[in-house]
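> Got a structure for you, written out below as structure tokens; questions coming shortly.
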Amino acid sequence: MGSQGGFYQSKEFLDLVKSIGEARSKAEEDRIVLGEIETLKRRISDPDIPKRKMKEYIIRLVYVEMLGHDASFGYIHAVKMTHDDSLLVKRTGYLAVTLFLNEDHDLIILIVNTIQKDLKSDNYLVVCTALNAVCKLINEETIPALLPLVVDLLAHPKEAVRKKAIMALHRFYQKSPSSVSHLVSNFRKRLCDNDPGVMGATLCPLFELITIDVNSYKDLVMSFVSILKQVTERRLPKAYDYHQMPAPFIQIKLLKILALLGSGDKQASENMYTVVGDIFRKCDSSSNIGNAVLYECICCVSSIYPNPKLLESAADAISRFLKSDSHNLKYMGIDALGRLIKISPEIAEQHQLAVIDCLEDPDDTLKRKTFELLYKMTKSTNVEVIVDRMIDYMISINDNHYKTEIASRCVELAEQFAPSNQWFIQTMNKVFAHAGDLVNTKVAHNLMRLIAEGFGEEDDTADSQLRSSAVESYLHILGEPKLPSVFLQVICWVLGEYGTADGRYSASYITGKLCDVAEAYSDDETVKAYAVTALMKIYAIEIAAGRKVDMLPECQALMEEFLASHSTDLQQRAYELQAVIGLDAHAVESIMPSDASCEDIEVDKALSFLNGYIQDSIEKGAQPYIPESERSGMLNISNFRNQDHHEASSHGLRFEAYELPKQTVQSRIPPASLASTELVPVSEPMYVRESYQTTIVPSASSDAGSTELKLRLDGVQKKWGRQTHSPATSTSSSTSQKTVNGITQVDGSNTSNSRTRETYDSRKQHVEVTPEKQKLAASLFGGSSKSEKKPATGHKIPKPSSHVVEKSHARKSSMEIASEKKASFQQPPDLLDFGEPTVKSAAPSVDPFKELEGLLEPTTQVASDENHGSTAAAATKSPDIMGLYTETHAGTYDKDDSDILSGLSNPPVTNMFGGTTSMQVAQSSKGPNLKDALEKDALVRQMGVTPTSPNPNLFKDLFG
Amino acid sequence: MIKAVMVMNTQGKTRLAKFYEYLPVEKQQELLRGVFAVLCSRAENVSNFIDAESIFGPDSRLVYKHFATLYFVFVFDSSENELAVLDLIQVFVETLDRCFKNVCELDVVFNYSKVHTILDEMIFGGQVVETSSSEIMKAVEEISKLEAASNAITLIPKSASGWRSR
């Protein structure tokens with residue numbers, strides 16, 4: 001139990017928590033908290049309250065603010081507490097201050113001095129506390145006051161302090177890169193720190209620096225690689241192990257850094273291949289953290305210059321993720337697949353059924369991730385299926401944010417890959433009809449432009465076909481009750497431009513429809529304005545064609561109304577319409593030429609036609625025009641900004657003693673270095689793109705730019721209508737050929753053996769795969785040849801996945817012969833284990849899947865036996881977690897802290913079964929604690945903090 | 001970096017909230033409510049990850065874990081690995097459990113400052129600094145010892161310096 005007053009802080013606080021816990025409504029809770037605030041206000045301003053009491057009041061204040069109430073009246077007291085000598089009080093003060101204040105708060109000034117003092121303290125705990133506050137409370141202005149102190153701490157004898165000083169410096173860098181840019185070399189130096197913890201901490205700032213500027217850190221590639229090598233070879237102290245993995249968090253950070261450094265750099269990447277391959281082999285894929293490292297490896301492999309062997313290992317790992325029962329792993333698998341298909345697109349095919357399962361999964365997160373993957377692998381062959389799916393999903397969700405995103409993706413895909421104009425228009429209609437208010441108006445404008453300009457082909461008939469099909473569908477859609485404003489604007493515009501163009505509809509029919517729109521949506525002025533302008537165009541076309549214009553009576557009524565409208569815009573449009581109708585054919589032709597929406601209108605920005613007038617005026621004695629920038633202070637903008645910067649730093653508060661007039665030097669650094677950091681991100685993407693042109697390998701990082709949601713019309717024109725199906729069909733046919741050839745090889749290898757076991761569950765599902773699903777798979781992944789093959793194979797649906805095995809195996813073996821590499825690579829150790837009887841030892845080579853399976857089966861049985869209600873739900877949820885942690889437990893019994901871990905790993909079991917047997921286990925293993933727990937339970941019940949939970953209110957279930 | 005750590009119970013009461021970028025109190029409440037709304041709508045047997053961009057803005061992911069009556073929620077950006085953060089939550093809870101022996105919701109409420117201390121040892125300025133629960137425990141115990149010492153002998157100041165770095 002804590003040393004600070006233990007479980008009970010005070011009766012009052014206890015009562016507060018209790019009454020808030022019992023509050024039946026938000027209003028009641030608010031009332032209680034407001035009462036508490038009153039009490040605290042009164043007590044806290046009392047000049048002579050004991051420190052211990054004060055400390056509790058501050059904690060109560062923090063609690064009150066966490067519940068969403070204003071506690072600003074007590075901030076100053078928290079600040080005062082930081083000045084205290086007692087560590088306990090000081091820490092409480094700092095805690096409160098870091099939670100209450102932001103870096104620009106007025107009271108920070110009062111703390112800076114204390115922090116300065118505390119950073120110099122002999123007690124390293126005080127220093128750590130102060131550093132913690134530094135991270136949260138120091139802004140650009142106050143950084144110079146503390147920077148030298150923090151830099152000194154980088155050489156502190158305590159590694160905890162060094163670690164935190166690094167982080168503080170990193171924070172300074174985040175807040176104001178210019179202020180510490182001259183200290184960046186410190187991060188490099190600390191990379192060689194004796195303490196692995198400090199080294200690990202240094203990776204955080206380095207990762208950020210490398211993200212910004214890759215090229216300046218290329219020299220570190222070898223260092224990172226050798227560090228990673230040492231980590232994986234378990235050269236670090238045992239204390240850094242986590243669930244039997246050597247320093248996994250450091251491995252992950254290093255892999256992230258290597259991914260950045262190796263991106264598009266063949267030479268750098270080659271240095272990494274060995275170590276990354278080692279990790280693939282050694283990684284324990286049975287624990288959560290092991291999979292985290294594996295996932296990071298896949299990310300790294302898909303980012304660096306591609307290496308066939310590594311890609312294969314990555315593909316293996318992905319298939320293991322996707323076949324897992326854990327939703328988390330599936331999620332990671334889908335994500336990883338999305339990264340890898342940029343390099344080897346054929347891999348998606350191998351996992352088609354898994355992907356489709358994910359698409360139909362009830363888990364929304366997984367579904368969205370899968371849509372992201374589909375978005376990335378859309379081609380002209382599968383665009384129809386994918387976009388249809390996306391639209392269906394879009395209609396089904398309520399989350400506006402995601403709806404918007406998916407709508408714009410649909411639009412983007414439709415514009416890039418649409419197989420036909422008809423389809424394109426229909427798709428756009430669906431998107432607009434269901435998410436019209438959410439999509440960017442730009443999308444609408446782009447659509448109008450597309451319809452107007454056609455798709456860049458010479459063929460005019462195609463364009464006019466597109467237009468008339470658009471008109472047709474819009475006239476149809478107008479019958480529907482409520483349409484989004486943006487969509488109506490598009491409809492009005494298109495009807496106005498092209499409604500009568502193909503002669504199928506008469507002018508009076510179209511104008512009648514437009515009037516209906518304007519009337520039906522009378523509260524939307526933009527739509528009305530679009531409608532009026534559309535009317536004007538129709539009439540103009542009619543007049544220009546020499547036909548007599550008969551305004552419909554309802555149209556006339558509408559015009560009367562608009563002529564008197566409060567909106568000046570509507571009024572003007574109505575007057576213009578009136579004026580146009582009165583003109584003769586020739587005049588109308590020249591002011592409203594038909595189908596000229598794409599013609600460029602020349603604008604004379606220099607207003608040269610006024611030159612004569614100006615000349616006249618000047619001759620008559622008028623003042624010549626002086627541009628605004630030259631008018632007032634004769635300062636241009638950038639100059640002014642510089643000035644401002646100087647001003648700010650020299651007039652700001654000074655925290656240093658007066659003998660150190662360094663200020664001017666520091667203030668001069670910022671502009672220059674600021675400029676340099678601004679330049680970097682601009683040049684970097686260019687570099688990446690260039691290097692990829694030479695290597696012709698798309699990669700994760702370079703593609704990030706192209707997945708932006710905005711529409712890019714320039715690209716559209718080129719891509720439209722072109723059939724880019726070749727890669728899909730060719731790969732699929734080659735796969736099937738290989739299948740025929742490779743049948744004999746199926747059973748020979750351990751690889752396929754292990755696969756059968758690990759896919760045991762998923763295979764069961766596969767058997768039930770419906771023909772619909774197959775069809776979907778074929779249309780998503782395969783192209784036409786695949787979909788023909790499917791029905792022939794009939795119920796043997798698992799086949800595709802075994803094709804994969806054969807294929808990869810065949811490739812593997814051929815490569816083996818070619819390169820004469822060791823067999824160890826071909827058969828990674830964890831896979832080998834499957835063939836052998838399970839080894840029950842503390843070694844990491846415990847057969848992970850077998851254990852998992854053993855755990856899973858009883859679970860599901862129990863679930864199905866007693867199910868009903870919450871236990872069943874829990875059972876179905878828990879397998880993954882339970883499996884992972886129980887596994888861990890089994891593996892770690894040689895560690896001294898195993899009892900804690902077992903405490904952790906038992907609970908899910910108890911929780912899930914809810915039966916008596918495992919409860920007994922828990923009791924016997926943690927006997928003495930049970931009493932403890934029961935006492936707590938009683939207390940909780942009495943307090944009513946968590947009255948309605950399905951489980952007993954304790955962590956008892958979880959922790960034994 | 002890690003953007004926020006939240007602990008809330010299954011009824012939506014916040015038990016701990018720590019934001020590594022400053023946010024005004026109202027905004028914090030809004031986010032907490034938003035997170036809770038999403039959490040309650042999650043089924044039992046789904047992944048621990050949530051696409052948090054609609055709540056926290058672009059480039060934010062959310063990982064949560066449900067223990068008895070509490071949700072532990074970490075919000076972070078693309079520089080972290082989801083699975084690793086899931087383990088980070090595990091480390092946090094393990095540490096709490098070591099610290100409070102059979103930790104329960106009330107421990108978190110009443111030992112508010114201690115829970116913050118633990119979290120501060122793990123995550124520093126939004127970056128993960130320590131991932132070993134025994135190391136965290138060591139640091140926390142040292143702090144507790146020193147605090148107890150400085151608290152007990154406030155009448156004889158400076159004697160606490162005897163505890164200083166070994």
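So you can find residues: chains in the structure tokens are A, B, ... in the order shown, residues in each start at 1, and ligands are numbered from 1 in order.
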Which residues of region 36-78 of chain B have any atom within 12 Å of an atom in region 331-347 of chain A when counting only C-alpha atoms, and what is the closest pair of atoms for each, with the distance in Å to one decimal? Order the rows by chain and rising number and write it as a tab-separated table.

```
residue	atom	partner	partner_atom	distance
B:Val46	CA	A:Tyr331	CA	10.2
B:Ser47	CA	A:Tyr331	CA	7.6
B:Asn48	CA	A:Tyr331	CA	9.6
B:Phe49	CA	A:Tyr331	CA	8.4
B:Ile50	CA	A:Tyr331	CA	10.5
B:Asp51	CA	A:Tyr331	CA	11.4
```
> Kindly save the residues from that selection, with N, CA, C and O atoms included, as a PDB file, in the first residue's frame.

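What landed in selection06.pdb:
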```
ATOM      1  N   VAL B  46     -14.005  -7.817 -30.265  1.00  0.00           N
ATOM      2  CA  VAL B  46     -13.411  -7.135 -31.410  1.00  0.00           C
ATOM      3  C   VAL B  46     -12.008  -6.657 -31.057  1.00  0.00           C
ATOM      4  O   VAL B  46     -11.535  -6.898 -29.957  1.00  0.00           O
ATOM      5  N   SER B  47     -11.367  -6.006 -32.004  1.00  0.00           N
ATOM      6  CA  SER B  47      -9.987  -5.607 -31.775  1.00  0.00           C
ATOM      7  C   SER B  47      -9.914  -4.502 -30.731  1.00  0.00           C
ATOM      8  O   SER B  47     -10.914  -3.872 -30.393  1.00  0.00           O
ATOM      9  N   ASN B  48      -8.700  -4.263 -30.238  1.00  0.00           N
ATOM     10  CA  ASN B  48      -8.503  -3.238 -29.224  1.00  0.00           C
ATOM     11  C   ASN B  48      -8.162  -1.888 -29.833  1.00  0.00           C
ATOM     12  O   ASN B  48      -7.785  -0.969 -29.134  1.00  0.00           O
ATOM     13  N   PHE B  49      -8.267  -1.800 -31.122  1.00  0.00           N
ATOM     14  CA  PHE B  49      -7.875  -0.555 -31.780  1.00  0.00           C
ATOM     15  C   PHE B  49      -9.109   0.187 -32.282  1.00  0.00           C
ATOM     16  O   PHE B  49     -10.074  -0.414 -32.712  1.00  0.00           O
ATOM     17  N   ILE B  50      -9.014   1.496 -32.234  1.00  0.00           N
ATOM     18  CA  ILE B  50     -10.113   2.304 -32.762  1.00  0.00           C
ATOM     19  C   ILE B  50      -9.511   3.414 -33.601  1.00  0.00           C
ATOM     20  O   ILE B  50      -8.495   4.001 -33.243  1.00  0.00           O
ATOM     21  N   ASP B  51     -10.155   3.666 -34.704  1.00  0.00           N
ATOM     22  CA  ASP B  51      -9.746   4.774 -35.543  1.00  0.00           C
ATOM     23  C   ASP B  51     -10.217   6.061 -34.865  1.00  0.00           C
ATOM     24  O   ASP B  51     -11.400   6.333 -34.799  1.00  0.00           O
TER      25      ASP B  51
END
```
> Please, which residues of chain B lie no more than 7 Å from chain A when the count uses only C-alpha atoms, and can they be set out as a ChimeraX atom specification?
/B:14,17,22,25-26,29,44-51,54,68-69,81,83-84,87,99-100,102-104,107,110,124-125,129,132,143-144,147-148,150-151,154,161,164-165
> Please list as a VMD selection string every residue within 12 Å of Ala518 (chain A), counting only C-alpha atoms and excluding residues in the same chain fewer than 5 positions away.
chain A and resid 478 485 488 to 489 491 to 492 511 to 513 523 to 535 554 to 555 557 to 559 561 to 562 570
> So which residues touch Lys138 (chain B) within 12 Å, counting only C-alpha atoms, skipping near sequence neighbours fewer than 3 positions away, as a VMD selection string?
(chain A and resid 160) or (chain B and resid 95 98 to 99 117 to 118 121 130 132 to 135 141 to 145)
> Those selected residues, please, written with N, CA, C and O atoms and delivered as a PDB file, in the first residue's frame.

```pdb
ATOM      1  N   ALA A 160      18.630   7.743 -14.955  1.00  0.00           N
ATOM      2  CA  ALA A 160      17.238   8.202 -15.013  1.00  0.00           C
ATOM      3  C   ALA A 160      17.190   9.685 -15.378  1.00  0.00           C
ATOM      4  O   ALA A 160      16.330  10.126 -16.142  1.00  0.00           O
TER       5      ALA A 160
ATOM      6  N   THR B  95       2.090  -2.824 -13.330  1.00  0.00           N
ATOM      7  CA  THR B  95       2.764  -2.002 -12.340  1.00  0.00           C
ATOM      8  C   THR B  95       1.782  -1.538 -11.270  1.00  0.00           C
ATOM      9  O   THR B  95       2.095  -1.560 -10.081  1.00  0.00           O
ATOM     10  N   ARG B  98       1.215  -4.371  -8.978  1.00  0.00           N
ATOM     11  CA  ARG B  98       2.318  -4.589  -8.042  1.00  0.00           C
ATOM     12  C   ARG B  98       2.286  -3.556  -6.943  1.00  0.00           C
ATOM     13  O   ARG B  98       2.567  -3.834  -5.792  1.00  0.00           O
ATOM     14  N   CYS B  99       1.977  -2.361  -7.344  1.00  0.00           N
ATOM     15  CA  CYS B  99       2.065  -1.241  -6.427  1.00  0.00           C
ATOM     16  C   CYS B  99       0.963  -1.312  -5.384  1.00  0.00           C
ATOM     17  O   CYS B  99       1.177  -1.016  -4.219  1.00  0.00           O
ATOM     18  N   THR B 117       2.435   9.310 -10.651  1.00  0.00           N
ATOM     19  CA  THR B 117       3.875   9.077 -10.534  1.00  0.00           C
ATOM     20  C   THR B 117       4.291   7.889 -11.394  1.00  0.00           C
ATOM     21  O   THR B 117       5.276   7.949 -12.129  1.00  0.00           O
ATOM     22  N   ILE B 118       3.502   6.828 -11.310  1.00  0.00           N
ATOM     23  CA  ILE B 118       3.814   5.630 -12.097  1.00  0.00           C
ATOM     24  C   ILE B 118       3.809   5.974 -13.587  1.00  0.00           C
ATOM     25  O   ILE B 118       4.722   5.632 -14.340  1.00  0.00           O
ATOM     26  N   GLU B 121       6.748   7.878 -14.733  1.00  0.00           N
ATOM     27  CA  GLU B 121       7.961   7.085 -14.892  1.00  0.00           C
ATOM     28  C   GLU B 121       7.956   6.338 -16.225  1.00  0.00           C
ATOM     29  O   GLU B 121       8.997   6.021 -16.779  1.00  0.00           O
ATOM     30  N   GLU B 130      10.187   4.156 -20.166  1.00  0.00           N
ATOM     31  CA  GLU B 130      10.488   2.932 -19.417  1.00  0.00           C
ATOM     32  C   GLU B 130       9.389   1.917 -19.657  1.00  0.00           C
ATOM     33  O   GLU B 130       8.213   2.255 -19.625  1.00  0.00           O
ATOM     34  N   SER B 132       9.755  -1.456 -18.367  1.00  0.00           N
ATOM     35  CA  SER B 132       9.890  -2.609 -17.480  1.00  0.00           C
ATOM     36  C   SER B 132       9.202  -2.287 -16.168  1.00  0.00           C
ATOM     37  O   SER B 132       9.545  -1.325 -15.485  1.00  0.00           O
ATOM     38  N   SER B 133       8.213  -3.112 -15.803  1.00  0.00           N
ATOM     39  CA  SER B 133       7.428  -2.741 -14.628  1.00  0.00           C
ATOM     40  C   SER B 133       8.260  -2.833 -13.355  1.00  0.00           C
ATOM     41  O   SER B 133       8.004  -2.111 -12.407  1.00  0.00           O
ATOM     42  N   SER B 134       9.287  -3.680 -13.353  1.00  0.00           N
ATOM     43  CA  SER B 134      10.095  -3.726 -12.125  1.00  0.00           C
ATOM     44  C   SER B 134      10.960  -2.473 -11.983  1.00  0.00           C
ATOM     45  O   SER B 134      11.170  -1.984 -10.885  1.00  0.00           O
ATOM     46  N   GLU B 135      11.434  -1.955 -13.125  1.00  0.00           N
ATOM     47  CA  GLU B 135      12.200  -0.700 -13.063  1.00  0.00           C
ATOM     48  C   GLU B 135      11.307   0.436 -12.576  1.00  0.00           C
ATOM     49  O   GLU B 135      11.714   1.267 -11.766  1.00  0.00           O
ATOM     50  N   GLU B 141       9.125   3.277  -5.743  1.00  0.00           N
ATOM     51  CA  GLU B 141       9.392   2.984  -4.342  1.00  0.00           C
ATOM     52  C   GLU B 141      10.409   3.956  -3.754  1.00  0.00           C
ATOM     53  O   GLU B 141      10.278   4.408  -2.629  1.00  0.00           O
ATOM     54  N   GLU B 142      11.391   4.262  -4.580  1.00  0.00           N
ATOM     55  CA  GLU B 142      12.405   5.194  -4.101  1.00  0.00           C
ATOM     56  C   GLU B 142      11.780   6.556  -3.779  1.00  0.00           C
ATOM     57  O   GLU B 142      12.076   7.176  -2.759  1.00  0.00           O
ATOM     58  N   ILE B 143      10.906   6.972  -4.672  1.00  0.00           N
ATOM     59  CA  ILE B 143      10.231   8.240  -4.447  1.00  0.00           C
ATOM     60  C   ILE B 143       9.394   8.172  -3.169  1.00  0.00           C
ATOM     61  O   ILE B 143       9.454   9.069  -2.320  1.00  0.00           O
ATOM     62  N   SER B 144       8.670   7.077  -3.018  1.00  0.00           N
ATOM     63  CA  SER B 144       7.819   6.941  -1.832  1.00  0.00           C
ATOM     64  C   SER B 144       8.642   6.995  -0.559  1.00  0.00           C
ATOM     65  O   SER B 144       8.287   7.660   0.402  1.00  0.00           O
ATOM     66  N   LYS B 145       9.762   6.278  -0.585  1.00  0.00           N
ATOM     67  CA  LYS B 145      10.618   6.241   0.592  1.00  0.00           C
ATOM     68  C   LYS B 145      11.058   7.653   0.958  1.00  0.00           C
ATOM     69  O   LYS B 145      10.967   8.085   2.088  1.00  0.00           O
TER      70      LYS B 145
END
```
> Quick one: DSSP alpha helix (DSSP H) residues in region 277-471 of chain A, as number ranges by chain?
A: 277-282, 288-303, 308-323, 327-340, 347-350, 352-359, 364-376, 383-396, 400-417, 421-435, 441-453, 460-471
> Could you give me, as a ChimeraX atom specification, the residues within 12 Å of Leu39 (chain B), counting only C-alpha atoms and dropping anything in the same chain fewer than 3 positions from it?
/A:364-365 /B:7-12,32-36,42-44,46-52,62-66,70-73
> Those residues you just picked out, can you put them in a file as a short mmCIF file (atom, residue, chain, number, x, y, z; two decimals), in the first residue's frame with N, CA and C atoms?

```cif
data_model
loop_
_atom_site.label_atom_id
_atom_site.label_comp_id
_atom_site.auth_asym_id
_atom_site.auth_seq_id
_atom_site.Cartn_x
_atom_site.Cartn_y
_atom_site.Cartn_z
N ASP A 364 -15.82 -2.77 -36.51
CA ASP A 364 -15.76 -1.62 -37.39
C ASP A 364 -14.33 -1.19 -37.73
N THR A 365 -13.47 -1.27 -36.73
CA THR A 365 -12.09 -0.84 -36.95
C THR A 365 -11.45 -1.68 -38.05
N VAL B 7 -8.07 6.79 -18.09
CA VAL B 7 -8.63 5.62 -17.43
C VAL B 7 -10.05 6.01 -17.05
N MET B 8 -11.01 5.23 -17.49
CA MET B 8 -12.39 5.53 -17.12
C MET B 8 -13.11 4.23 -16.79
N ASN B 9 -14.13 4.35 -15.97
CA ASN B 9 -14.82 3.11 -15.63
C ASN B 9 -15.94 2.84 -16.64
N THR B 10 -16.58 1.71 -16.45
CA THR B 10 -17.53 1.27 -17.47
C THR B 10 -18.78 2.13 -17.49
N GLN B 11 -18.90 3.03 -16.50
CA GLN B 11 -20.05 3.93 -16.55
C GLN B 11 -19.67 5.31 -17.06
N GLY B 12 -18.47 5.43 -17.54
CA GLY B 12 -18.06 6.69 -18.15
C GLY B 12 -17.48 7.69 -17.17
N LEU B 32 -13.08 13.10 -23.63
CA LEU B 32 -13.36 11.96 -22.76
C LEU B 32 -14.74 11.40 -23.06
N ARG B 33 -15.69 12.29 -23.24
CA ARG B 33 -17.04 11.82 -23.56
C ARG B 33 -17.04 11.10 -24.90
N GLY B 34 -16.34 11.70 -25.87
CA GLY B 34 -16.28 11.09 -27.20
C GLY B 34 -15.69 9.69 -27.14
N VAL B 35 -14.61 9.56 -26.39
CA VAL B 35 -13.96 8.26 -26.28
C VAL B 35 -14.89 7.26 -25.62
N PHE B 36 -15.54 7.71 -24.56
CA PHE B 36 -16.42 6.77 -23.86
C PHE B 36 -17.56 6.32 -24.76
N ARG B 42 -18.55 -0.55 -28.56
CA ARG B 42 -17.75 -1.66 -29.06
C ARG B 42 -18.27 -2.99 -28.54
N ALA B 43 -18.31 -3.95 -29.41
CA ALA B 43 -18.70 -5.29 -28.98
C ALA B 43 -17.57 -5.89 -28.16
N GLU B 44 -17.81 -7.06 -27.60
CA GLU B 44 -16.82 -7.65 -26.70
C GLU B 44 -15.64 -8.27 -27.46
N VAL B 46 -14.01 -7.82 -30.26
CA VAL B 46 -13.41 -7.13 -31.41
C VAL B 46 -12.01 -6.66 -31.06
N SER B 47 -11.37 -6.01 -32.00
CA SER B 47 -9.99 -5.61 -31.77
C SER B 47 -9.91 -4.50 -30.73
N ASN B 48 -8.70 -4.26 -30.24
CA ASN B 48 -8.50 -3.24 -29.22
C ASN B 48 -8.16 -1.89 -29.83
N PHE B 49 -8.27 -1.80 -31.12
CA PHE B 49 -7.87 -0.55 -31.78
C PHE B 49 -9.11 0.19 -32.28
N ILE B 50 -9.01 1.50 -32.23
CA ILE B 50 -10.11 2.30 -32.76
C ILE B 50 -9.51 3.41 -33.60
N ASP B 51 -10.16 3.67 -34.70
CA ASP B 51 -9.75 4.77 -35.54
C ASP B 51 -10.22 6.06 -34.86
N ALA B 52 -9.27 6.83 -34.34
CA ALA B 52 -9.66 7.95 -33.48
C ALA B 52 -9.61 9.29 -34.20
N LEU B 62 -6.07 5.00 -31.40
CA LEU B 62 -6.48 4.78 -30.02
C LEU B 62 -6.42 3.28 -29.75
N VAL B 63 -5.79 2.96 -28.65
CA VAL B 63 -5.77 1.56 -28.22
C VAL B 63 -6.35 1.51 -26.82
N TYR B 64 -7.24 0.58 -26.59
CA TYR B 64 -7.83 0.48 -25.26
C TYR B 64 -7.80 -0.96 -24.78
N LYS B 65 -7.92 -1.08 -23.50
CA LYS B 65 -8.00 -2.42 -22.94
C LYS B 65 -8.97 -2.37 -21.78
N HIS B 66 -9.76 -3.39 -21.67
CA HIS B 66 -10.82 -3.41 -20.68
C HIS B 66 -10.43 -4.37 -19.56
N LEU B 70 -12.72 -1.14 -15.48
CA LEU B 70 -12.01 0.01 -16.01
C LEU B 70 -11.59 -0.16 -17.47
N TYR B 71 -11.66 0.93 -18.20
CA TYR B 71 -11.06 1.00 -19.53
C TYR B 71 -9.74 1.76 -19.41
N PHE B 72 -8.70 1.21 -19.95
CA PHE B 72 -7.44 1.94 -20.06
C PHE B 72 -7.27 2.34 -21.52
N VAL B 73 -7.10 3.62 -21.74
CA VAL B 73 -7.07 4.13 -23.11
C VAL B 73 -5.80 4.91 -23.36
#
```
> With a distance cut-off of 12 Å and only C-alpha atoms, select the neighbouring residues of Ile2 (chain B), excluding the residue or stretch itself and same-chain residues fewer than 5 positions from it, and output the selection as a ChimeraX atom specification.
/A:204 /B:18-21,59-63,73-82,85,88,119,122-129
